[in-house]
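This report refers to the structure that appears directly beneath it.
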Amino acid sequence: MLSELGEEAKLLAGGQSLIPLMKLRYANPSHLVDLNFIAGTSYIKDENGALRFGALTRHAEIEASPVASRIPVIHDCAAGIADVQVRNRGTIGGSLAEADPSGDWATVLMTLQTEVRCQTKKGDRRLQLTDFIKDAYTTALAHDELVSEVSVKTPPPGSGGAYLAVKRSAPVYPTASAAVQLTMEGDVCKDAAIALGCVGLTAIKAKDAEAALRGQLVNEKTIAAAVEGARADADPQSDMRGSADYKRTLAGSLVKRAIEIAVRRARGERVEAGHIYA
Amino acid sequence: MPELIEKVEIKVTVNGKAHSLSVEPRTLLVELIRETLDLTGTHVGCDTTYCGACTVLMNGAAVKSCTIFAVQADGAEIMTVEGLEKDGQLHPIQKAFGDAYGLQCGYCTPGLMLSTAQLLARNTQPTEKEMRKAIAGNTCRCTGYQNILKAIQIAAQNIRGA
């Protein structure tokens with residue numbers, strides 16, 4: 001259908017971004033193809049060491065799913081996106097396909113082995129999330145292609161992660177966010193994945209922050225180095241949510257707290273994390 | 001001349017009453033509710049998916065009816081604030097909002113009551129944190145939230161006792 005309607009047609013998933021954008025006339029699609037009536041597009045499966053999410057799985061379904069909570073950062077994220085009403089409609093596939101720089105999912109899923117399954121009439125391909133997201137509001141999707149599934153590899157034993165996002169109120173996008181995923185062996189960090197949200201044109205893989213922890217004892221000194229790394233990796237813009245300096249500082253502080261929670265979770269402790277708002 | 005837009009037939013149940021309607025695809029659910037069905041208890045506050053004044057239940061889930069097209073409600077069951085009372089008796093949530101002074105101008109109240117309805121349908125013993133989270137998508141600009149939280153607590157007690 002998309003290939004017949006041409007490049008100006010748009011897919012409608014949860015609609016919680018697209019419909020507001022259409023009201024503001026920022027988006028003016030020639031046709032809307034509503035995916036919501038297609039059966040079998042919403043599911044959460046734990047198979048072969050990976051969690052698989054149907055593209056139209058709602059944030060609220062992920063929030064309520066014990067299966068999805070096996071990767072705690074996924075629950076951290078799903079449970080705090082916008083508000084109840086938006087989580088009841090918004091979808092994981094729609095969020096990734098929109099590629100808003102302030103969206104939560106890309107930041108979280110960048111710290112995990114995430115594959116996005118893209119489908120056309122002719123067949124499908126699987127892209128690593130980092131290859132899928134090209135730029136702000138820009139993905140590798142062709143105009144006649146859609147996201148059908150998001151698949152996330154279960155982290156190895158000894159892993160712990162946390163996602164923290166600060167926002168001014170529930171319905172708005174965060175000012176800054178940080179996702180951390182660590183694989184620990186005792187007090188030594190065997191592997192680290194750290195991503196920052198809202199502080200660049202896409203979610204940013206904080207490579208300097210990761211390098212500061214990888215293979216190191218996690219202590220005050222290495223955490224401080226990771227925070228410095230994260231602040232260097234961030235590339236924020238000043239806007240109504242805050243100045244670039246403020247966001248850079250905030251992103252670093254969130255990385256610090258997320259590392260501390262990730263370490264405790266890796267030890268099996270139950271610690272709460274997620275969105276922070278007034 | 002604006003282009004003539006082809007209408008779409010939908011079936012939707014609102015507050016228990018089945019309707020067969022012919023709607024333009026661009027019509028928002030809140031417009032259908034307010035203008036076609038004349039149920040003006042559902043309010044439009046911001047029209048930008050922020051304030052939650054337009055919250056209704058769609059198949060039991062709280063949604064912002066300004067951010068759903070009416071055609072997407074085809075086959076769905078909608079509940080608006082008018083559907084809360086039964087046989088002239090206020091719903092326990094409505095009664096609690098009155099008793100606790102959980103409203104002042106009342107503009108946000110229908111949305112708040114429906115967000116409360118989703119919460120209490122799933123959890124009749126919410127913690128304060130759960131209550132705050134449940135109404136985080138509803139903005140009140142006059143009463144403040146203390147009395148609203150009291151109202152939710154009283155409503156929960158009444159529903160448990162009922």
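Labeling convention for the structure tokens: chains A, B, ... as they appear, residues from 1 per chain, ligands from 1 in order of appearance.
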Task: Distance query Gly83 (chain B) at most 9 Å, only C-alpha atoms, self and fewer than 6 positions along chain excluded, as a PyMOL selection string - done: chain B and resi 14-16
Residues of chain B that approach chain A to 10 Å or less, counting only C-alpha atoms: could you list each one with the shortest pair of atoms and its distance in Å to one decimal, rows by chain and increasing residue number, as a Markdown table?
```
| residue | atom | partner | partner_atom | distance |
| --- | --- | --- | --- | --- |
| B:Pro25 | CA | A:Leu32 | CA | 9.5 |
| B:Arg26 | CA | A:Leu32 | CA | 9.9 |
| B:Leu28 | CA | A:Ile19 | CA | 9.6 |
| B:Asp47 | CA | A:Pro20 | CA | 8.0 |
| B:Thr48 | CA | A:Pro20 | CA | 5.7 |
| B:Thr49 | CA | A:Pro20 | CA | 6.9 |
| B:Tyr50 | CA | A:Pro171 | CA | 5.7 |
| B:Cys51 | CA | A:Pro171 | CA | 8.0 |
| B:Gly52 | CA | A:Gln85 | CA | 7.9 |
| B:Thr55 | CA | A:Gln85 | CA | 7.6 |
| B:Val56 | CA | A:Gln85 | CA | 9.2 |
| B:Leu57 | CA | A:Gln85 | CA | 9.3 |
| B:Met58 | CA | A:Asn88 | CA | 9.6 |
| B:Ala61 | CA | A:Asn88 | CA | 6.6 |
| B:Ala62 | CA | A:Gln85 | CA | 5.2 |
| B:Val63 | CA | A:Gln85 | CA | 4.4 |
| B:Lys64 | CA | A:Gln85 | CA | 6.0 |
| B:Ser65 | CA | A:Gln85 | CA | 9.4 |
| B:Cys66 | CA | A:Ile19 | CA | 8.8 |
| B:Thr67 | CA | A:Ile19 | CA | 6.0 |
| B:Ile68 | CA | A:Gly15 | CA | 7.1 |
| B:Phe69 | CA | A:Ile19 | CA | 8.6 |
| B:Val71 | CA | A:Asp34 | CA | 9.6 |
| B:Gln72 | CA | A:Asn36 | CA | 7.8 |
| B:Asp74 | CA | A:Phe37 | CA | 9.5 |
| B:Ser115 | CA | A:Val84 | CA | 8.1 |
| B:Gln118 | CA | A:Val84 | CA | 9.5 |
| B:Leu119 | CA | A:Val84 | CA | 9.6 |
| B:Lys133 | CA | A:Val84 | CA | 7.7 |
| B:Ala134 | CA | A:Val84 | CA | 6.3 |
| B:Ile135 | CA | A:Val84 | CA | 7.6 |
| B:Ala136 | CA | A:Ala170 | CA | 5.6 |
| B:Gly137 | CA | A:Asp83 | CA | 4.8 |
| B:Asn138 | CA | A:Asp83 | CA | 8.6 |
| B:Thr139 | CA | A:Pro171 | CA | 9.6 |
```
Selection from above, N, CA and C atoms, as a CSV table (one decimal), in the first residue's frame, can you write it?
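Listing of result22.csv after writing:
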```csv
chain,number,residue,atom,x,y,z
B,25,PRO,N,-12.3,11.2,7.8
B,25,PRO,CA,-11.1,10.6,8.4
B,25,PRO,C,-10.3,11.6,9.3
B,26,ARG,N,-10.4,12.9,9.1
B,26,ARG,CA,-9.6,13.8,9.8
B,26,ARG,C,-10.2,14.2,11.2
B,28,LEU,N,-11.2,14.3,14.8
B,28,LEU,CA,-10.6,13.7,16.0
B,28,LEU,C,-11.7,13.1,16.9
B,47,ASP,N,-5.0,20.8,23.3
B,47,ASP,CA,-5.0,20.3,21.9
B,47,ASP,C,-3.6,20.0,21.5
B,48,THR,N,-2.7,19.7,22.4
B,48,THR,CA,-1.3,19.4,22.0
B,48,THR,C,-0.8,18.1,22.7
B,49,THR,N,-1.8,17.3,23.2
B,49,THR,CA,-1.4,16.0,23.9
B,49,THR,C,-0.7,16.3,25.2
B,50,TYR,N,-1.0,17.4,25.8
B,50,TYR,CA,-0.3,17.7,27.1
B,50,TYR,C,-1.2,17.6,28.3
B,51,CYS,N,-2.3,18.3,28.2
B,51,CYS,CA,-3.0,18.6,29.5
B,51,CYS,C,-4.0,17.5,30.0
B,52,GLY,N,-4.5,16.6,29.2
B,52,GLY,CA,-5.3,15.5,29.6
B,52,GLY,C,-6.7,15.9,29.9
B,55,THR,N,-9.2,13.4,28.3
B,55,THR,CA,-9.1,12.0,28.6
B,55,THR,C,-10.4,11.3,28.6
B,56,VAL,N,-10.5,10.2,27.9
B,56,VAL,CA,-11.6,9.3,28.0
B,56,VAL,C,-11.1,7.9,28.1
B,57,LEU,N,-11.9,6.9,28.4
B,57,LEU,CA,-11.5,5.5,28.4
B,57,LEU,C,-11.8,4.9,27.0
B,58,MET,N,-10.8,4.3,26.4
B,58,MET,CA,-11.1,3.5,25.2
B,58,MET,C,-10.8,2.1,25.5
B,61,ALA,N,-8.9,1.8,28.6
B,61,ALA,CA,-7.6,2.4,28.8
B,61,ALA,C,-7.7,4.0,28.6
B,62,ALA,N,-7.1,4.7,29.6
B,62,ALA,CA,-7.2,6.2,29.5
B,62,ALA,C,-6.4,6.6,28.3
B,63,VAL,N,-7.0,7.5,27.4
B,63,VAL,CA,-6.4,8.0,26.2
B,63,VAL,C,-6.7,9.5,26.1
B,64,LYS,N,-5.9,10.2,25.4
B,64,LYS,CA,-6.2,11.6,25.1
B,64,LYS,C,-7.0,11.7,23.8
B,65,SER,N,-8.3,12.0,23.9
B,65,SER,CA,-9.1,11.9,22.7
B,65,SER,C,-8.8,13.0,21.7
B,66,CYS,N,-8.0,13.9,22.0
B,66,CYS,CA,-7.6,14.9,21.0
B,66,CYS,C,-6.4,14.4,20.2
B,67,THR,N,-5.9,13.2,20.5
B,67,THR,CA,-4.8,12.6,19.8
B,67,THR,C,-5.1,11.2,19.2
B,68,ILE,N,-6.3,11.1,18.9
B,68,ILE,CA,-6.8,9.8,18.2
B,68,ILE,C,-7.8,10.3,17.2
B,69,PHE,N,-7.8,9.7,16.0
B,69,PHE,CA,-8.8,10.0,15.0
B,69,PHE,C,-10.1,9.2,15.4
B,71,VAL,N,-12.0,7.7,13.4
B,71,VAL,CA,-12.0,6.4,12.7
B,71,VAL,C,-11.3,5.3,13.4
B,72,GLN,N,-10.3,5.7,14.3
B,72,GLN,CA,-9.5,4.7,15.0
B,72,GLN,C,-10.3,4.1,16.1
B,74,ASP,N,-13.2,2.9,15.7
B,74,ASP,CA,-14.2,1.9,15.1
B,74,ASP,C,-14.1,0.6,15.9
B,115,SER,N,-8.9,9.3,34.3
B,115,SER,CA,-7.6,8.7,34.7
B,115,SER,C,-7.7,7.9,36.0
B,118,GLN,N,-9.3,4.5,35.4
B,118,GLN,CA,-8.4,3.5,34.9
B,118,GLN,C,-7.6,2.9,36.1
B,119,LEU,N,-7.1,3.8,36.9
B,119,LEU,CA,-6.3,3.4,38.0
B,119,LEU,C,-7.0,2.5,38.9
B,133,LYS,N,1.4,9.0,39.8
B,133,LYS,CA,1.8,8.5,38.5
B,133,LYS,C,0.6,8.5,37.6
B,134,ALA,N,-0.5,8.0,38.2
B,134,ALA,CA,-1.7,7.8,37.4
B,134,ALA,C,-2.3,9.1,36.8
B,135,ILE,N,-2.1,10.2,37.6
B,135,ILE,CA,-2.7,11.5,37.1
B,135,ILE,C,-1.6,12.4,36.6
B,136,ALA,N,-0.4,11.9,36.4
B,136,ALA,CA,0.7,12.8,35.9
B,136,ALA,C,0.4,13.4,34.5
B,137,GLY,N,-0.5,12.8,33.8
B,137,GLY,CA,-0.9,13.3,32.5
B,137,GLY,C,-2.1,14.2,32.5
B,138,ASN,N,-2.5,14.7,33.7
B,138,ASN,CA,-3.6,15.6,33.8
B,138,ASN,C,-3.2,16.8,34.5
B,139,THR,N,-3.4,17.9,33.8
B,139,THR,CA,-2.9,19.2,34.4
B,139,THR,C,-4.1,20.0,35.0
```
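Nearest residue to Tyr43 (chain A) among A:Ala195, A:Leu109, A:Val150, A:Ala234 is A:Val150, counting only C-alpha atoms.
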Task: Nearest to Ala117 (chain B) by atom-to-atom distance, counting only C-alpha atoms, from B:Ala53, B:Met131, B:Ile10, B:Leu39 - done: B:Met131
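The residue set within 7 Å of Ile194 (chain A), counting only C-alpha atoms and dropping same-chain residues fewer than 2 places from it, reads A:Thr111, A:Ala179, A:Val180, A:Gln181, A:Ala192, A:Leu196, A:Lys205, A:Ala206, A:Ala209, A:Glu210.
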Task: Of the listed residues B:Cys108, B:Ala162, B:Ala76, B:Ala155, that which approaches Pro92 (chain B) most closely, counting only C-alpha atoms - done: B:Ala155
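Interatomic distance, CA of Gly98 (chain B) against CA of Lys129 (chain B): 22.3 Å.
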Open item on the list: List as a list in words the protein and nucleic acid residues near His31 (chain A), meaning an atom at most 10 Å away when only C-alpha atoms are counted, but skip any in the same chain fewer than 5 places from it.
Closed with: Leu2, Leu5, Gly6, Glu7, Glu8, Ala9, Lys10, Leu11 and Leu12 of chain A
- [ ] Could you give me the residues within region 98-130 of chain B that DSSP places in helix (DSSP H, G or I), as number ranges by chain?
- [x] B: 98-99, 109-122, 128-130
The selected residues should be written to file as a JSON list (two decimals), in the first residue's frame (atoms: C-alpha atoms).
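For reference, again_7.json as written:
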```json
[["chain", "number", "residue", "atom", "x", "y", "z"],
["B", 98, "GLY", "CA", -17.02, 16.60, 45.36],
["B", 99, "ASP", "CA", -16.55, 15.52, 48.96],
["B", 109, "THR", "CA", -11.99, 17.30, 36.33],
["B", 110, "PRO", "CA", -13.59, 15.00, 33.72],
["B", 111, "GLY", "CA", -10.14, 13.96, 32.51],
["B", 112, "LEU", "CA", -8.86, 13.48, 36.04],
["B", 113, "MET", "CA", -11.84, 11.34, 36.94],
["B", 114, "LEU", "CA", -11.31, 9.06, 33.94],
["B", 115, "SER", "CA", -7.59, 8.69, 34.67],
["B", 116, "THR", "CA", -8.69, 7.80, 38.20],
["B", 117, "ALA", "CA", -11.18, 5.32, 36.75],
["B", 118, "GLN", "CA", -8.43, 3.46, 34.88],
["B", 119, "LEU", "CA", -6.25, 3.40, 38.02],
["B", 120, "LEU", "CA", -8.98, 2.13, 40.35],
["B", 121, "ALA", "CA", -10.26, -0.45, 37.86],
["B", 122, "ARG", "CA", -6.83, -2.09, 38.06],
["B", 128, "GLU", "CA", 0.43, 7.77, 46.92],
["B", 129, "LYS", "CA", 3.16, 7.25, 44.34],
["B", 130, "GLU", "CA", 0.84, 5.17, 42.16]]
```
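Going from CA of Thr91 (chain A) over to CA of Pro29 (chain A), you cover 19.7 Å.
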Open item on the list: I need the residues in region 23-126 of chain A that are strand (DSSP E or B) according to DSSP; give them as a PyMOL selection string.
Closed with: chain A and resi 31-34+44-47+50-54+58+91+114-119+124-126
Write the residues of the preceding selection, restricted to C-alpha atoms, as a PDB file, in the first residue's frame.
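Result went into part19.pdb, see below:
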```
ATOM      1  CA  HIS A  31      -2.238   9.747   3.123  1.00  0.00           C
ATOM      2  CA  LEU A  32      -2.162   8.098   6.518  1.00  0.00           C
ATOM      3  CA  VAL A  33      -2.015   4.333   6.727  1.00  0.00           C
ATOM      4  CA  ASP A  34      -3.300   3.242  10.136  1.00  0.00           C
ATOM      5  CA  ILE A  44       6.491  -9.544  23.677  1.00  0.00           C
ATOM      6  CA  LYS A  45       8.364 -12.827  23.300  1.00  0.00           C
ATOM      7  CA  ASP A  46      11.400 -14.214  25.059  1.00  0.00           C
ATOM      8  CA  GLU A  47      13.032 -16.537  22.553  1.00  0.00           C
ATOM      9  CA  ALA A  50      16.410 -12.250  23.018  1.00  0.00           C
ATOM     10  CA  LEU A  51      13.292 -10.252  23.790  1.00  0.00           C
ATOM     11  CA  ARG A  52      11.247  -9.593  20.675  1.00  0.00           C
ATOM     12  CA  PHE A  53       8.744  -6.751  20.576  1.00  0.00           C
ATOM     13  CA  GLY A  54       6.116  -6.389  17.872  1.00  0.00           C
ATOM     14  CA  ARG A  58       2.449  -0.118  23.445  1.00  0.00           C
ATOM     15  CA  THR A  91       4.454   2.176  20.470  1.00  0.00           C
ATOM     16  CA  THR A 114      19.243  -4.217  19.450  1.00  0.00           C
ATOM     17  CA  GLU A 115      18.105  -5.199  15.984  1.00  0.00           C
ATOM     18  CA  VAL A 116      15.330  -3.443  14.099  1.00  0.00           C
ATOM     19  CA  ARG A 117      13.471  -5.590  11.591  1.00  0.00           C
ATOM     20  CA  CYS A 118      12.412  -3.548   8.590  1.00  0.00           C
ATOM     21  CA  GLN A 119       9.906  -4.913   6.135  1.00  0.00           C
ATOM     22  CA  ASP A 124      12.726  -7.901   5.211  1.00  0.00           C
ATOM     23  CA  ARG A 125      16.121  -6.903   6.553  1.00  0.00           C
ATOM     24  CA  ARG A 126      17.503  -6.587  10.055  1.00  0.00           C
TER      25      ARG A 126
END
```
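Residues with any atom within 12 Å of His19 (chain B), counting only C-alpha atoms and excluding same-chain neighbours fewer than 3 positions away, are B:Glu9, B:Ile10, B:Lys11, B:Val12, B:Thr13, B:Val14, B:Asn15, B:Gly16, B:Ser22, B:Val23, B:Leu32, B:Ile33, B:Thr36, B:Leu37, B:Ala73, B:Asp74, B:Gly75, B:Ala76, B:Glu77, B:Ile78.
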Take the residues just selected and output them with C-alpha atoms as a PDB file, in the first residue's frame.
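Wrote again-v5.pdb, looks like this:
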```pdb
ATOM      1  CA  GLU B   9     -18.594   4.439   8.360  1.00  0.00           C
ATOM      2  CA  ILE B  10     -17.740   3.492  11.912  1.00  0.00           C
ATOM      3  CA  LYS B  11     -19.449   1.708  14.766  1.00  0.00           C
ATOM      4  CA  VAL B  12     -18.587   2.897  18.213  1.00  0.00           C
ATOM      5  CA  THR B  13     -20.120   2.316  21.625  1.00  0.00           C
ATOM      6  CA  VAL B  14     -20.120   5.382  23.845  1.00  0.00           C
ATOM      7  CA  ASN B  15     -21.196   5.041  27.469  1.00  0.00           C
ATOM      8  CA  GLY B  16     -22.903   1.760  26.644  1.00  0.00           C
ATOM      9  CA  SER B  22     -20.279   8.489   9.186  1.00  0.00           C
ATOM     10  CA  VAL B  23     -17.145  10.526   9.881  1.00  0.00           C
ATOM     11  CA  LEU B  32     -16.848  13.297  17.483  1.00  0.00           C
ATOM     12  CA  ILE B  33     -17.648  13.085  21.185  1.00  0.00           C
ATOM     13  CA  THR B  36     -21.453  14.888  16.849  1.00  0.00           C
ATOM     14  CA  LEU B  37     -22.606  13.154  20.022  1.00  0.00           C
ATOM     15  CA  ALA B  73     -12.284   4.159  17.530  1.00  0.00           C
ATOM     16  CA  ASP B  74     -14.161   1.924  15.081  1.00  0.00           C
ATOM     17  CA  GLY B  75     -15.335  -1.094  17.077  1.00  0.00           C
ATOM     18  CA  ALA B  76     -14.206   0.394  20.383  1.00  0.00           C
ATOM     19  CA  GLU B  77     -16.018   1.056  23.642  1.00  0.00           C
ATOM     20  CA  ILE B  78     -15.590   4.603  24.830  1.00  0.00           C
TER      21      ILE B  78
END
```
Excluding same-chain residues fewer than 6 positions from Pro157 (chain A), what lies within 9 Å of it counting only C-alpha atoms, as a short mmCIF file (atom, residue, chain, number, x, y, z; two decimals) with N, CA and C atoms, in the first residue's frame?
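The resulting part35.cif:
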```cif
data_model
loop_
_atom_site.label_atom_id
_atom_site.label_comp_id
_atom_site.auth_asym_id
_atom_site.auth_seq_id
_atom_site.Cartn_x
_atom_site.Cartn_y
_atom_site.Cartn_z
N THR A 183 28.50 -5.07 32.48
CA THR A 183 28.70 -6.48 32.81
C THR A 183 29.83 -6.53 33.81
N MET A 184 29.52 -7.04 35.00
CA MET A 184 30.48 -6.99 36.11
C MET A 184 31.05 -8.36 36.41
N ALA A 266 23.50 -5.27 39.13
CA ALA A 266 24.32 -6.39 38.66
C ALA A 266 24.56 -7.38 39.80
#
```
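If you look at CA of Gly94 (chain A) and CA of Val199 (chain A), they are 20.9 Å away from each other.
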Task: Long-range neighbours of Ala100 (chain B) as a ChimeraX atom specification, 8 Å cut-off, only C-alpha atoms, 3 positions minimum in chain - done: /B:96-97,147-148,150-151,154
